[in-house]
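For reference, query_30.cif (mmCIF, C-alpha atoms):
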data_structure
#
loop_
_atom_site.group_PDB
_atom_site.id
_atom_site.type_symbol
_atom_site.label_atom_id
_atom_site.label_comp_id
_atom_site.auth_asym_id
_atom_site.auth_seq_id
_atom_site.Cartn_x
_atom_site.Cartn_y
_atom_site.Cartn_z
ATOM 1 C CA MET A 8 -167.640 19.390 -134.008
ATOM 2 C CA LYS A 9 -165.641 17.276 -136.448
ATOM 3 C CA THR A 10 -161.927 17.070 -136.988
ATOM 4 C CA LEU A 11 -159.803 15.445 -139.624
ATOM 5 C CA GLU A 12 -156.085 15.102 -140.192
ATOM 6 C CA TYR A 13 -154.291 14.977 -143.498
ATOM 7 C CA VAL A 14 -150.649 14.893 -144.596
ATOM 8 C CA ILE A 15 -149.947 17.162 -147.577
ATOM 9 C CA THR A 16 -148.397 15.341 -150.538
ATOM 10 C CA ASP A 17 -148.358 18.220 -153.062
ATOM 11 C CA PRO A 18 -144.687 19.133 -153.678
ATOM 12 C CA VAL A 19 -145.342 22.887 -153.329
ATOM 13 C CA GLY A 20 -147.479 22.515 -150.203
ATOM 14 C CA LEU A 21 -150.573 24.593 -149.505
ATOM 15 C CA HIS A 22 -149.793 27.357 -151.992
ATOM 16 C CA ALA A 23 -151.348 29.313 -154.868
ATOM 17 C CA ARG A 24 -153.763 27.198 -156.932
ATOM 18 C CA PRO A 25 -154.401 24.311 -154.507
ATOM 19 C CA ALA A 26 -154.666 26.767 -151.619
ATOM 20 C CA GLY A 27 -157.110 28.928 -153.571
ATOM 21 C CA LEU A 28 -159.262 25.953 -154.528
ATOM 22 C CA PHE A 29 -159.186 24.640 -150.963
ATOM 23 C CA VAL A 30 -160.339 27.996 -149.576
ATOM 24 C CA LYS A 31 -163.126 28.249 -152.161
ATOM 25 C CA LYS A 32 -164.304 24.772 -151.176
ATOM 26 C CA ALA A 33 -164.119 25.549 -147.454
ATOM 27 C CA ALA A 34 -166.051 28.783 -147.989
ATOM 28 C CA SER A 35 -168.936 26.846 -149.532
ATOM 29 C CA TYR A 36 -169.951 25.454 -146.115
ATOM 30 C CA GLU A 37 -171.850 27.318 -143.458
ATOM 31 C CA SER A 38 -169.794 25.607 -140.720
ATOM 32 C CA SER A 39 -166.822 27.446 -139.303
ATOM 33 C CA ILE A 40 -163.652 25.698 -140.449
ATOM 34 C CA THR A 41 -160.213 26.077 -138.933
ATOM 35 C CA VAL A 42 -157.033 24.692 -140.420
ATOM 36 C CA LYS A 43 -153.977 24.076 -138.272
ATOM 37 C CA ASN A 44 -150.438 23.300 -139.369
ATOM 38 C CA MET A 45 -149.418 20.583 -136.888
ATOM 39 C CA GLU A 46 -145.729 21.254 -137.645
ATOM 40 C CA ASN A 47 -145.653 24.779 -136.236
ATOM 41 C CA GLY A 48 -148.946 25.002 -134.331
ATOM 42 C CA LYS A 49 -150.227 27.956 -136.398
ATOM 43 C CA SER A 50 -153.914 27.929 -137.213
ATOM 44 C CA ALA A 51 -156.154 29.960 -139.498
ATOM 45 C CA ASP A 52 -159.689 30.451 -140.752
ATOM 46 C CA ALA A 53 -159.859 28.017 -143.685
ATOM 47 C CA LYS A 54 -162.056 30.475 -145.611
ATOM 48 C CA ARG A 55 -159.333 33.149 -145.867
ATOM 49 C CA ILE A 56 -156.658 32.679 -148.538
ATOM 50 C CA MET A 57 -153.945 34.875 -147.077
ATOM 51 C CA ALA A 58 -154.369 33.332 -143.623
ATOM 52 C CA VAL A 59 -154.188 29.808 -145.057
ATOM 53 C CA MET A 60 -151.096 30.560 -147.145
ATOM 54 C CA SER A 61 -149.365 32.164 -144.167
ATOM 55 C CA LEU A 62 -149.481 28.848 -142.272
ATOM 56 C CA GLY A 63 -146.444 27.794 -144.299
ATOM 57 C CA VAL A 64 -147.770 24.291 -144.954
ATOM 58 C CA LYS A 65 -145.190 22.294 -146.881
ATOM 59 C CA GLN A 66 -145.157 18.847 -148.435
ATOM 60 C CA GLY A 67 -145.095 16.249 -145.664
ATOM 61 C CA ASN A 68 -146.702 18.562 -143.085
ATOM 62 C CA LYS A 69 -149.755 17.294 -141.263
ATOM 63 C CA ILE A 70 -152.770 19.607 -141.115
ATOM 64 C CA GLU A 71 -155.805 19.349 -138.885
ATOM 65 C CA LEU A 72 -159.195 20.674 -139.940
ATOM 66 C CA THR A 73 -161.866 21.471 -137.382
ATOM 67 C CA MET A 74 -165.427 21.943 -138.610
ATOM 68 C CA GLU A 75 -168.289 23.207 -136.509
ATOM 69 C CA GLY A 76 -171.820 23.952 -137.681
ATOM 70 C CA GLY A 77 -174.946 22.569 -139.321
ATOM 71 C CA ASP A 78 -173.164 21.000 -142.293
ATOM 72 C CA GLU A 79 -170.037 19.806 -140.472
ATOM 73 C CA GLU A 80 -170.523 16.174 -141.489
ATOM 74 C CA THR A 81 -170.838 16.977 -145.192
ATOM 75 C CA ALA A 82 -167.870 19.327 -144.893
ATOM 76 C CA GLU A 83 -165.775 16.624 -143.243
ATOM 77 C CA THR A 84 -166.506 14.043 -145.938
ATOM 78 C CA GLU A 85 -166.175 16.370 -148.906
ATOM 79 C CA LEU A 86 -163.075 18.207 -147.674
ATOM 80 C CA MET A 87 -161.310 14.906 -147.013
ATOM 81 C CA ALA A 88 -162.094 13.818 -150.554
ATOM 82 C CA PHE A 89 -160.919 17.202 -151.864
ATOM 83 C CA LEU A 90 -157.620 17.013 -149.982
ATOM 84 C CA LYS A 91 -156.917 13.490 -151.232
ATOM 85 C CA GLU A 92 -157.585 14.521 -154.799
ATOM 86 C CA ASN A 93 -155.795 17.886 -154.852
ATOM 87 C CA LEU A 94 -153.213 18.084 -152.101
ATOM 88 C CA MET B 1 -158.949 58.094 -132.006
ATOM 89 C CA GLY B 2 -157.720 60.575 -134.599
ATOM 90 C CA PHE B 3 -155.654 58.012 -136.491
ATOM 91 C CA LEU B 4 -158.288 55.270 -136.539
ATOM 92 C CA SER B 5 -161.205 57.513 -137.426
ATOM 93 C CA GLY B 6 -159.068 58.819 -140.302
ATOM 94 C CA VAL B 7 -158.514 55.281 -141.583
ATOM 95 C CA PHE B 8 -162.126 54.199 -141.381
ATOM 96 C CA LYS B 9 -163.507 57.315 -143.012
ATOM 97 C CA LYS B 10 -161.669 56.506 -146.218
ATOM 98 C CA LYS B 11 -163.869 55.169 -148.973
ATOM 99 C CA GLU B 12 -161.157 53.914 -151.249
ATOM 100 C CA VAL B 13 -157.663 52.459 -151.010
ATOM 101 C CA GLU B 14 -155.121 52.774 -153.797
ATOM 102 C CA ILE B 15 -152.597 50.054 -154.507
ATOM 103 C CA ALA B 16 -149.426 51.021 -156.324
ATOM 104 C CA SER B 17 -147.348 49.161 -158.853
ATOM 105 C CA PRO B 18 -144.599 47.226 -157.086
ATOM 106 C CA ALA B 19 -142.263 47.516 -160.074
ATOM 107 C CA SER B 20 -141.520 49.367 -163.264
ATOM 108 C CA GLY B 21 -142.890 47.665 -166.324
ATOM 109 C CA ARG B 22 -146.206 47.204 -168.096
ATOM 110 C CA CYS B 23 -149.487 46.789 -166.289
ATOM 111 C CA VAL B 24 -151.859 44.318 -167.959
ATOM 112 C CA SER B 25 -155.206 42.689 -167.244
ATOM 113 C CA ILE B 26 -155.135 39.698 -164.907
ATOM 114 C CA LYS B 27 -156.844 37.807 -167.752
ATOM 115 C CA GLU B 28 -153.585 37.970 -169.707
ATOM 116 C CA VAL B 29 -151.745 35.883 -167.127
ATOM 117 C CA PRO B 30 -151.246 32.428 -168.666
ATOM 118 C CA ASP B 31 -152.032 30.602 -165.429
ATOM 119 C CA PRO B 32 -155.677 29.942 -164.515
ATOM 120 C CA THR B 33 -154.888 30.331 -160.803
ATOM 121 C CA PHE B 34 -154.593 34.041 -161.519
ATOM 122 C CA SER B 35 -156.611 34.619 -164.705
ATOM 123 C CA GLU B 36 -159.663 32.892 -163.205
ATOM 124 C CA GLU B 37 -159.231 35.003 -160.074
ATOM 125 C CA ILE B 38 -159.078 31.947 -157.808
ATOM 126 C CA LEU B 39 -156.859 33.892 -155.397
ATOM 127 C CA GLY B 40 -158.745 37.169 -155.832
ATOM 128 C CA LYS B 41 -159.121 40.085 -158.234
ATOM 129 C CA GLY B 42 -156.178 42.141 -159.342
ATOM 130 C CA VAL B 43 -153.894 43.088 -162.196
ATOM 131 C CA ALA B 44 -150.485 41.932 -163.383
ATOM 132 C CA VAL B 45 -147.237 43.748 -164.064
ATOM 133 C CA ARG B 46 -144.689 42.601 -166.622
ATOM 134 C CA PRO B 47 -141.629 43.833 -164.763
ATOM 135 C CA ALA B 48 -138.853 45.637 -166.634
ATOM 136 C CA GLU B 49 -136.595 45.606 -163.579
ATOM 137 C CA GLY B 50 -136.178 43.035 -160.834
ATOM 138 C CA LYS B 51 -136.857 45.373 -157.924
ATOM 139 C CA PHE B 52 -140.187 45.031 -156.143
ATOM 140 C CA TYR B 53 -141.442 47.711 -153.766
ATOM 141 C CA ALA B 54 -144.286 47.815 -151.260
ATOM 142 C CA PRO B 55 -147.519 48.618 -153.143
ATOM 143 C CA ALA B 56 -149.036 50.216 -150.021
ATOM 144 C CA ASP B 57 -148.330 50.822 -146.350
ATOM 145 C CA GLY B 58 -148.909 47.665 -144.355
ATOM 146 C CA LYS B 59 -147.582 44.669 -142.544
ATOM 147 C CA ILE B 60 -145.774 41.735 -144.152
ATOM 148 C CA ASN B 61 -147.958 38.869 -143.016
ATOM 149 C CA THR B 62 -146.581 36.262 -145.387
ATOM 150 C CA LEU B 63 -143.152 35.894 -146.887
ATOM 151 C CA PHE B 64 -142.855 32.500 -148.498
ATOM 152 C CA PRO B 65 -139.599 30.671 -147.694
ATOM 153 C CA THR B 66 -139.121 30.557 -151.459
ATOM 154 C CA LYS B 67 -139.215 34.402 -151.499
ATOM 155 C CA HIS B 68 -141.222 34.505 -154.725
ATOM 156 C CA ALA B 69 -144.455 35.657 -153.114
ATOM 157 C CA ILE B 70 -145.257 38.128 -150.421
ATOM 158 C CA GLY B 71 -148.475 39.014 -148.590
ATOM 159 C CA ILE B 72 -149.123 42.493 -147.193
ATOM 160 C CA THR B 73 -152.083 43.602 -145.105
ATOM 161 C CA THR B 74 -152.881 47.315 -145.215
ATOM 162 C CA PRO B 75 -154.278 49.246 -142.227
ATOM 163 C CA GLU B 76 -157.722 49.026 -143.907
ATOM 164 C CA GLY B 77 -157.467 45.211 -143.967
ATOM 165 C CA VAL B 78 -156.726 44.809 -147.675
ATOM 166 C CA GLU B 79 -154.756 41.571 -148.116
ATOM 167 C CA ILE B 80 -152.440 42.080 -151.082
ATOM 168 C CA LEU B 81 -150.562 39.193 -152.652
ATOM 169 C CA LEU B 82 -147.557 39.899 -154.841
ATOM 170 C CA HIS B 83 -146.569 36.802 -156.798
ATOM 171 C CA VAL B 84 -143.341 37.281 -158.769
ATOM 172 C CA GLY B 85 -143.444 35.090 -161.848
ATOM 173 C CA LEU B 86 -145.398 31.927 -162.607
ATOM 174 C CA ASP B 87 -144.588 28.563 -161.017
ATOM 175 C CA THR B 88 -141.524 30.273 -159.516
ATOM 176 C CA VAL B 89 -142.216 28.388 -156.265
ATOM 177 C CA ASN B 90 -140.223 25.639 -157.987
ATOM 178 C CA LEU B 91 -137.057 27.772 -157.939
ATOM 179 C CA LYS B 92 -136.987 27.287 -154.145
ATOM 180 C CA GLY B 93 -135.690 30.791 -153.501
ATOM 181 C CA GLU B 94 -132.969 30.795 -156.131
ATOM 182 C CA HIS B 95 -132.622 34.145 -157.963
ATOM 183 C CA PHE B 96 -134.669 35.916 -155.249
ATOM 184 C CA THR B 97 -133.395 38.131 -152.426
ATOM 185 C CA ALA B 98 -135.783 39.295 -149.722
ATOM 186 C CA HIS B 99 -135.250 42.672 -148.059
ATOM 187 C CA VAL B 100 -137.973 42.335 -145.436
ATOM 188 C CA GLU B 101 -138.992 39.772 -142.850
ATOM 189 C CA GLU B 102 -142.367 38.354 -141.983
ATOM 190 C CA GLY B 103 -144.078 40.566 -139.428
ATOM 191 C CA ALA B 104 -142.306 43.763 -140.519
ATOM 192 C CA SER B 105 -144.195 46.998 -141.066
ATOM 193 C CA VAL B 106 -143.503 48.637 -144.400
ATOM 194 C CA LYS B 107 -144.240 51.933 -146.071
ATOM 195 C CA LYS B 108 -145.386 52.190 -149.659
ATOM 196 C CA GLY B 109 -142.248 52.251 -151.808
ATOM 197 C CA ASP B 110 -139.996 50.273 -149.443
ATOM 198 C CA LEU B 111 -137.876 47.701 -151.277
ATOM 199 C CA LEU B 112 -139.373 44.256 -150.545
ATOM 200 C CA LEU B 113 -137.464 41.904 -152.752
ATOM 201 C CA GLU B 114 -135.133 41.637 -155.679
ATOM 202 C CA ALA B 115 -135.327 39.048 -158.415
ATOM 203 C CA ASP B 116 -132.839 38.262 -161.146
ATOM 204 C CA LEU B 117 -135.357 38.433 -163.991
ATOM 205 C CA GLN B 118 -132.923 37.218 -166.648
ATOM 206 C CA ALA B 119 -131.897 34.178 -164.592
ATOM 207 C CA ILE B 120 -135.542 33.342 -163.894
ATOM 208 C CA GLN B 121 -136.353 33.523 -167.609
ATOM 209 C CA ASP B 122 -133.271 31.473 -168.461
ATOM 210 C CA ALA B 123 -134.510 28.829 -166.020
ATOM 211 C CA GLY B 124 -137.690 28.645 -168.102
ATOM 212 C CA TYR B 125 -140.104 30.713 -166.023
ATOM 213 C CA GLN B 126 -142.171 33.771 -166.867
ATOM 214 C CA THR B 127 -141.686 36.849 -164.708
ATOM 215 C CA ILE B 128 -145.159 38.367 -165.063
ATOM 216 C CA THR B 129 -146.200 39.405 -161.550
ATOM 217 C CA PRO B 130 -149.836 39.251 -160.459
ATOM 218 C CA VAL B 131 -150.838 41.768 -157.785
ATOM 219 C CA LEU B 132 -154.031 40.535 -156.141
ATOM 220 C CA VAL B 133 -156.451 41.287 -153.372
ATOM 221 C CA CYS B 134 -156.892 37.918 -151.629
ATOM 222 C CA ASN B 135 -159.909 39.071 -149.627
ATOM 223 C CA THR B 136 -161.698 40.603 -152.624
ATOM 224 C CA GLY B 137 -165.023 39.505 -151.132
ATOM 225 C CA ASP B 138 -164.570 41.817 -148.135
ATOM 226 C CA PHE B 139 -164.818 44.917 -150.332
ATOM 227 C CA ALA B 140 -167.415 46.588 -152.499
ATOM 228 C CA ASP B 141 -165.139 46.355 -155.531
ATOM 229 C CA VAL B 142 -161.565 45.916 -156.727
ATOM 230 C CA ILE B 143 -160.938 47.897 -159.911
ATOM 231 C CA PRO B 144 -157.886 47.890 -162.211
ATOM 232 C CA ALA B 145 -156.615 51.457 -162.435
ATOM 233 C CA ALA B 146 -153.829 51.285 -165.011
ATOM 234 C CA GLU B 147 -152.885 49.746 -168.306
ATOM 235 C CA GLY B 148 -149.551 50.163 -170.056
ATOM 236 C CA ASP B 149 -146.288 51.542 -168.756
ATOM 237 C CA VAL B 150 -146.057 51.994 -164.996
ATOM 238 C CA ALA B 151 -143.397 53.046 -162.531
ATOM 239 C CA PRO B 152 -143.195 51.888 -158.911
ATOM 240 C CA GLY B 153 -145.702 53.936 -156.936
ATOM 241 C CA ASP B 154 -148.125 54.493 -159.824
ATOM 242 C CA ASN B 155 -151.651 53.550 -158.877
ATOM 243 C CA ILE B 156 -152.718 50.216 -160.448
ATOM 244 C CA LEU B 157 -155.699 49.137 -158.335
ATOM 245 C CA ARG B 158 -158.536 50.903 -156.564
ATOM 246 C CA ILE B 159 -160.325 49.147 -153.735
ATOM 247 C CA LYS B 160 -163.750 50.454 -152.807
ATOM 248 C CA LEU B 161 -164.297 49.934 -149.098
#
As structure tokens, what does this structure read like?
Amino acid sequence: MKTLEYVITDPVGLHARPAGLFVKKAASYESSITVKNMENGKSADAKRIMAVMSLGVKQGNKIELTMEGGDEETAETELMAFLKENL
Amino acid sequence: MGFLSGVFKKKEVEIASPASGRCVSIKEVPDPTFSEEILGKGVAVRPAEGKFYAPADGKINTLFPTKHAIGITTPEGVEILLHVGLDTVNLKGEHFTAHVEEGASVKKGDLLLEADLQAIQDAGYQTITPVLVCNTGDFADVIPAAEGDVAPGDNILRIKL
């Protein structure tokens, strides 16, 4: 199991386009991936758009991703890079 | 047993227009987030009036603090996203009034939110409203069912279970 933390810098938070792209990326791994909004404690399956958007992640909120499965190391590296670039 | 078996026997779910206006292809939405179906398949409504009604029975599982977007999950598990206008997240709730709360159960046709369409346009935003199925991949197909003038309650999407 791998975990990573990231603070969202996108002014609109985890919404619409960045949320959609994030979910698409997360869904490309076989590992199970959970995303948690550290501000309110809500967590969701990172592969489901509605669940991810309902976390209410805003700019400045810290999220925690937990990855578990065969490709968890690749997922950790690539998702971190994705977050830095897009969110 | 009766209620649940009734739900699961259905082969198709119909999603209604949330507003009066014109129903157009999602491809006509000038925002790739929607036209490239990044958030799921659907259609869009160019609203003629700023009143938005529940497109199906379900539960409000997301109401953005900015009140411009609302997520509804139907009893069959269809996750519908109603996104009023483009980039309207930037209005931070201004010109929008919500009539429901997160977690509420709604019936098709219940008033969900009101938007001052003129004020939104004057602020420089388009009011075209994508209606999407976020979990498109969970279903056999999501098919546009209308084009042209629609009234609230008219069927605009068919979801094959």
Handout entry: Expected answer as number ranges by chain: chain A residues within 6 Å of chain B, only C-alpha atoms
Key = A: 24, 27, 61
Problem - Distance in Å - atom CA of B:Tyr125 versus atom CA of A:Leu21 - result: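 So the answer is 20.5 Å.
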Practice task
For the file shown, report as a list in words the outcome of the PyMOL selection byres ((chain A and resi 84-93) around 10) at residue level.
Solution key: Leu11, Glu12, Tyr13, Val14, Ile15, Thr16, Asp17, Arg24, Pro25, Ala26, Leu28, Phe29, Lys32, Ala33, Leu72, Glu79, Glu80, Thr81, Ala82, Glu83 and Leu94 of chain A
Handout entry: Picked residues, the PyMOL selection byres ((chain A and resi 59) around 9), expected as a PyMOL selection string
Key = chain A and resi 21-22+26+30+42-43+50-58+60-64
Exercise for the section: Tell me, as a ChimeraX atom specification, which residues lie within 10 Å of B:Asp138, counting only C-alpha atoms; anything in the same chain fewer than 6 positions away does not count. Expected result: /B:77-79,160-161
Exercise for the section: Check which residues satisfy the PyMOL selection byres ((chain B and resi 105-117) around 8) in the file shown, then give them as a PyMOL selection string. Expected result: chain B and resi 16+18+49-60+67+95-100+103-104+118-121+127+152-153
Handout entry: Selected residue, from B:Val13, B:Val45, B:Leu91, B:Val24, that lies nearest to A:Val19 when counting only C-alpha atoms
Key =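 Looking at the shortest contact to A:Val19, the residue is B:Leu91.
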Practice task
Please measure the separation of atom CA of B:Ile128 and atom CA of B:Arg158, giving the value in Å to one decimal.
Solution key: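 Straight-line distance from atom CA of B:Ile128 to atom CA of B:Arg158 works out to 20.2 Å.
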Problem - Residues near A:Ser39, cut-off 7 Å, only C-alpha atoms, skip fewer than 6 positions along chain, as a ChimeraX atom specification - result: /A:74-76
Exercise for the section: Kindly give the distance, in Å, that separates atom CA of B:Ala145 and atom CA of B:Ala44, rounded to a single decimal. Expected result: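 Between atom CA of B:Ala145 and atom CA of B:Ala44 the gap works out to 11.4 Å.
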Handout entry: Nearest-residue call for B:Glu147, choices B:Thr74, B:Gln126, B:Ser25, B:Ser17, using all atoms listed in the file
Key =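 Closest candidate: B:Ser25.
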Completion exercise
For B:Lys41, the closest of B:Gly137, B:Lys11, B:Asp122, B:Thr88 counting only C-alpha atoms is B:Gly137
Taking all atoms of stretch 36-43 of chain A that the file lists, what box with edges along x, y and z, padded by 4 Å per side, do you get, with centre and edge lengths in Å to one decimal, as AutoDock Vina command-line options?
--center_x -162.9 --center_y 25.8 --center_z -142.2 --size_x 25.9 --size_y 11.4 --size_z 15.8
Practice task
Give the answer as one residue: which of B:Ala19, B:Thr66, B:Ile143, B:Gly85 has the shortest atom-to-atom distance to A:Gly20, using only C-alpha atoms?
Solution key: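 Of the candidates, the smallest distance to A:Gly20 is held by B:Thr66.
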Handout entry: Long-range neighbours of A:Gly77 as a list in words, 9 Å cut-off, all atoms listed in the file, 5 positions minimum in chain
Key =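 Skipping anything fewer than 5 positions along the chain leaves Tyr36, Glu37 and Ser38 of chain A.
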Got a minute to add N, CA and C atoms to stretch 46-77 of chain A and dump it as a short mmCIF file (atom, residue, chain, number, x, y, z; two decimals), keeping the file's coordinate frame?
data_model
loop_
_atom_site.label_atom_id
_atom_site.label_comp_id
_atom_site.auth_asym_id
_atom_site.auth_seq_id
_atom_site.Cartn_x
_atom_site.Cartn_y
_atom_site.Cartn_z
N GLU A 46 -147.19 21.13 -137.74
CA GLU A 46 -145.73 21.25 -137.65
C GLU A 46 -145.32 22.46 -136.80
N ASN A 47 -146.06 23.56 -136.96
CA ASN A 47 -145.65 24.78 -136.24
C ASN A 47 -146.75 25.31 -135.30
N GLY A 48 -147.88 24.62 -135.26
CA GLY A 48 -148.95 25.00 -134.33
C GLY A 48 -149.78 26.20 -134.77
N LYS A 49 -149.45 26.79 -135.93
CA LYS A 49 -150.23 27.96 -136.40
C LYS A 49 -151.59 27.50 -136.92
N SER A 50 -152.62 28.28 -136.64
CA SER A 50 -153.91 27.93 -137.21
C SER A 50 -154.57 29.15 -137.84
N ALA A 51 -155.53 28.88 -138.73
CA ALA A 51 -156.15 29.96 -139.50
C ALA A 51 -157.57 29.59 -139.89
N ASP A 52 -158.36 30.61 -140.18
CA ASP A 52 -159.69 30.45 -140.75
C ASP A 52 -159.51 29.88 -142.16
N ALA A 53 -160.06 28.70 -142.40
CA ALA A 53 -159.86 28.02 -143.68
C ALA A 53 -160.55 28.73 -144.84
N LYS A 54 -161.35 29.76 -144.55
CA LYS A 54 -162.06 30.48 -145.61
C LYS A 54 -161.31 31.73 -146.06
N ARG A 55 -160.11 31.95 -145.50
CA ARG A 55 -159.33 33.15 -145.87
C ARG A 55 -157.99 32.75 -146.50
N ILE A 56 -157.82 33.13 -147.77
CA ILE A 56 -156.66 32.68 -148.54
C ILE A 56 -155.33 33.10 -147.91
N MET A 57 -155.24 34.40 -147.59
CA MET A 57 -153.94 34.88 -147.08
C MET A 57 -153.59 34.17 -145.77
N ALA A 58 -154.59 34.00 -144.91
CA ALA A 58 -154.37 33.33 -143.62
C ALA A 58 -153.91 31.89 -143.84
N VAL A 59 -154.54 31.21 -144.79
CA VAL A 59 -154.19 29.81 -145.06
C VAL A 59 -152.77 29.71 -145.63
N MET A 60 -152.44 30.63 -146.55
CA MET A 60 -151.10 30.56 -147.15
C MET A 60 -150.02 30.92 -146.13
N SER A 61 -150.38 31.75 -145.15
CA SER A 61 -149.36 32.16 -144.17
C SER A 61 -149.07 31.08 -143.12
N LEU A 62 -149.78 29.96 -143.19
CA LEU A 62 -149.48 28.85 -142.27
C LEU A 62 -148.18 28.15 -142.64
N GLY A 63 -147.71 28.39 -143.86
CA GLY A 63 -146.44 27.79 -144.30
C GLY A 63 -146.50 26.28 -144.41
N VAL A 64 -147.63 25.76 -144.87
CA VAL A 64 -147.77 24.29 -144.95
C VAL A 64 -146.98 23.74 -146.14
N LYS A 65 -146.04 22.88 -145.84
CA LYS A 65 -145.19 22.29 -146.88
C LYS A 65 -145.54 20.82 -147.09
N GLN A 66 -144.99 20.28 -148.16
CA GLN A 66 -145.16 18.85 -148.44
C GLN A 66 -144.68 18.06 -147.22
N GLY A 67 -145.47 17.09 -146.80
CA GLY A 67 -145.10 16.25 -145.66
C GLY A 67 -145.65 16.76 -144.34
N ASN A 68 -146.12 18.02 -144.32
CA ASN A 68 -146.70 18.56 -143.08
C ASN A 68 -148.09 17.97 -142.86
N LYS A 69 -148.41 17.76 -141.59
CA LYS A 69 -149.76 17.29 -141.26
C LYS A 69 -150.63 18.51 -140.92
N ILE A 70 -151.83 18.55 -141.49
CA ILE A 70 -152.77 19.61 -141.12
C ILE A 70 -153.97 18.99 -140.40
N GLU A 71 -154.59 19.79 -139.57
CA GLU A 71 -155.80 19.35 -138.88
C GLU A 71 -156.92 20.34 -139.22
N LEU A 72 -158.04 19.82 -139.68
CA LEU A 72 -159.20 20.67 -139.94
C LEU A 72 -160.22 20.46 -138.83
N THR A 73 -160.79 21.56 -138.36
CA THR A 73 -161.87 21.47 -137.38
C THR A 73 -163.09 22.15 -137.97
N MET A 74 -164.19 21.42 -138.03
CA MET A 74 -165.43 21.94 -138.61
C MET A 74 -166.51 21.98 -137.55
N GLU A 75 -167.23 23.08 -137.50
CA GLU A 75 -168.29 23.21 -136.51
C GLU A 75 -169.47 23.97 -137.10
N GLY A 76 -170.64 23.30 -137.13
CA GLY A 76 -171.82 23.95 -137.68
C GLY A 76 -172.78 22.92 -138.25
N GLY A 77 -173.86 23.42 -138.84
CA GLY A 77 -174.95 22.57 -139.32
C GLY A 77 -174.53 21.54 -140.36
#
